[in-house]
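*Asks:* Sending over a structure as structure tokens; questions will come in a sec.
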Amino acid sequence: MNIHSPRESFDRAQQKLLEQVLVLGSMVELAVEEAMQALDRRDFAAARRIFAADQRINEKRYTIEQDCITLIATQQPMARDARFLAAVLEIITELERIGDYAKGISKINLLMSEEPVAPTILIILRQMTDLGLSMLHRALDAFVNSDVTIARSIPREDDIVDSLYNQIYRSLFAQPSVSPASMDRSNHLMWAAHNLERMADRVINICERIVYVFTGEVKELDTRDGIGLDNDQA
């Protein structure tokens, strides 16, 4: 009969937690992707499914949270183990909130009903989606691979997301609205863009927790491309 040491048992439990975080991450990535596809195609049936499926993301988050709390209570971890568990609790919260953004985009799709969306706006929203999902996927990979360098570099892409968000704002509000209906449509699309912009912000939070796990550093990561400024220069 194999008898595992407490360390081996704890390591297996942490590995299981990590695997479940990746499952939740995949669920969230799929929700965002499908929400954007539904908006692009004006697929209301798909939007309703995504809206309803958000409950499964919430339930998965709560399950991981409970497993994590059980480990903390029964194992009383110290140092890096404690940081890992604290980070998992933070990361799954960020993932659940990104899932809420997918739900929000689905709601916007339904609120807009049959209103048309300009192809140029859809293209920019698609770019924001692709970049945000790429940032999220690479952040979770960095967590699995203990890659602090990647975790530090991802937030610098946030400037691109912000730039795309500003493009949508200028495109939607560059000219006076010709009708209340067009103003409502513009506001709805800005909400969708805002959700995607906030997704990137959540990824930055995830990256900060990854750095915390493997270095013990608690600090905001530089979101500017290139060499950052000292506090007294910013």
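Here's how to read the names in the structure tokens: chain A, B, ... by the order shown, residue numbers from 1 in each chain, ligand numbers from 1 in the order shown.
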Please provide the set of residues having any atom within 10 Å of segment 163-172 of chain A, restricted to only C-alpha atoms, with same-chain residues fewer than 6 positions apart removed, written as a compact mmCIF listing (two decimals) with C-alpha atoms, in the first residue's frame.
*Replies:*
# COMPACT_ATOMS: atom_id res chain seq x y z
CA ALA A 118 -21.65 49.11 -38.19
CA THR A 120 -16.20 48.98 -38.48
CA ILE A 121 -17.41 48.84 -34.85
CA LEU A 122 -17.67 45.06 -34.96
CA ILE A 123 -14.12 44.83 -36.30
CA ILE A 124 -12.75 46.86 -33.39
CA LEU A 125 -14.80 44.90 -30.86
CA GLN A 127 -9.87 43.04 -32.05
CA MET A 128 -10.49 43.89 -28.39
CA SER A 182 -29.12 55.69 -32.68
CA MET A 183 -28.00 57.15 -29.36
CA ARG A 185 -27.45 51.83 -30.00
CA SER A 186 -24.23 53.77 -29.46
CA ASN A 187 -24.60 53.52 -25.69
CA LEU A 189 -22.09 49.29 -28.03
CA MET A 190 -20.04 51.39 -25.63
CA ALA A 192 -19.94 46.11 -24.81
CA ALA A 193 -16.59 47.82 -25.43
CA HIS A 194 -16.37 48.75 -21.76
CA LEU A 196 -14.00 44.07 -23.05
CA GLU A 197 -11.77 46.86 -21.73
*Asks:* Using only C-alpha atoms, find each residue in segment 50-72 of chain A having at least one atom no more than 12 Å away from segment 34-38 of chain A; report its shortest atom-to-atom pair and that distance in Å (one decimal), rows by chain then rising number, as JSON lines.
*Replies:*
{"residue": "A:Ile50", "atom": "CA", "partner": "A:Ala35", "partner_atom": "CA", "distance": 6.7}
{"residue": "A:Phe51", "atom": "CA", "partner": "A:Ala35", "partner_atom": "CA", "distance": 8.7}
{"residue": "A:Ala52", "atom": "CA", "partner": "A:Ala35", "partner_atom": "CA", "distance": 11.8}
{"residue": "A:Ala53", "atom": "CA", "partner": "A:Ala35", "partner_atom": "CA", "distance": 11.1}
{"residue": "A:Asp54", "atom": "CA", "partner": "A:Ala35", "partner_atom": "CA", "distance": 11.2}
*Asks:* May I ask for the distance between atom CA of Cys207 of chain A and atom CA of Val161 of chain A, given in Å to one decimal place?
*Replies:*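 Taking atom CA of Cys207 of chain A and atom CA of Val161 of chain A, their separation equals 16.1 Å.
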*Asks:* Just the number, please: distance in Å from atom CA of Ile154 of chain A to atom CA of Ile204 of chain A, one decimal.
*Replies:*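 Calculated distance between atom CA of Ile154 of chain A and atom CA of Ile204 of chain A is 7.4 Å.
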*Asks:* Restricting the calculation to only C-alpha atoms: of A:Cys68, A:Leu131, A:Ile91, A:Leu221, which residue gets closest to Thr149 of chain A?
*Replies:*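 Of the candidates, the smallest distance to Thr149 of chain A is held by A:Leu221.
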*Asks:* Report the distance between atom CA of Asn109 of chain A and atom CA of Leu39 of chain A in Å, rounded to one decimal place.
*Replies:*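 These two atoms are separated by 5.5 Å.
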*Asks:* Pull the closest atom pair for each residue of segment 61-164 of chain A that gets at most 12 Å from segment 8-15 of chain A, along with the distance in Å to one decimal, counting only C-alpha atoms, ordering rows by chain and then ascending residue number, as a tab-separated table.
*Replies:*
residue	atom	partner	partner_atom	distance
A:Ile64	CA	A:Gln14	CA	11.0
A:Asp67	CA	A:Ala13	CA	9.0
A:Cys68	CA	A:Gln14	CA	8.7
A:Ile69	CA	A:Gln14	CA	11.9
A:Thr70	CA	A:Ala13	CA	10.5
A:Leu71	CA	A:Ala13	CA	8.0
A:Ile72	CA	A:Phe10	CA	10.6
A:Thr74	CA	A:Phe10	CA	10.3
A:Gln75	CA	A:Phe10	CA	7.8
A:Gln76	CA	A:Phe10	CA	10.7
A:Pro77	CA	A:Phe10	CA	9.2
A:Met78	CA	A:Phe10	CA	12.0
A:Arg80	CA	A:Gln14	CA	11.6
A:Asp81	CA	A:Gln14	CA	8.6
A:Ala82	CA	A:Gln14	CA	10.7
A:Arg83	CA	A:Gln14	CA	11.7
A:Phe84	CA	A:Gln14	CA	8.4
A:Leu85	CA	A:Gln14	CA	8.1
A:Ala86	CA	A:Gln14	CA	11.8
A:Ala87	CA	A:Gln14	CA	11.8
A:Val88	CA	A:Gln14	CA	9.8
A:Phe143	CA	A:Gln15	CA	11.6
A:Val144	CA	A:Gln15	CA	9.4
A:Asn145	CA	A:Gln15	CA	12.0
*Asks:* For Tyr62 of chain A, which of A:Leu30, A:His188, A:Arg48, A:Leu24 is the closest residue, counting only C-alpha atoms?
*Replies:*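 Counting only C-alpha atoms, the residue closest to Tyr62 of chain A is A:Leu24.
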*Asks:* Taking only C-alpha atoms into account, which of A:Ile57, A:Ala151, A:Ile92, A:Met199 comes nearest Glu220 of chain A?
*Replies:*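 For Glu220 of chain A, the nearest of the given residues is A:Ala151.
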*Asks:* Calculated over only C-alpha atoms, which of the candidates A:Ile108, A:Ala79, A:Leu22, A:Leu136 has the smallest distance to Trp191 of chain A?
*Replies:*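 Checking each candidate against Trp191 of chain A, we get A:Ile108 as the closest.
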*Asks:* Which is closer to Tyr101 of chain A than all the others in A:Val218, A:Val21, A:Met135, A:Ala200, using only C-alpha atoms?
*Replies:*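 Among A:Val218, A:Val21, A:Met135, A:Ala200, it is A:Ala200 that comes nearest to Tyr101 of chain A.
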*Asks:* With only C-alpha atoms as the basis for distance, which of A:Glu65, A:Asp141, A:Glu19, A:Glu157 is at the shortest distance from Asp222 of chain A?
*Replies:*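 Under the stated criterion, the closest residue is A:Glu157.
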*Asks:* Identify all residues of segment 20-231 of chain A in helix (DSSP H, G or I) (DSSP on the backbone) and supply them as number ranges by chain.
*Replies:* A: 20-41, 44-75, 79-112, 119-145, 148-173, 180-215
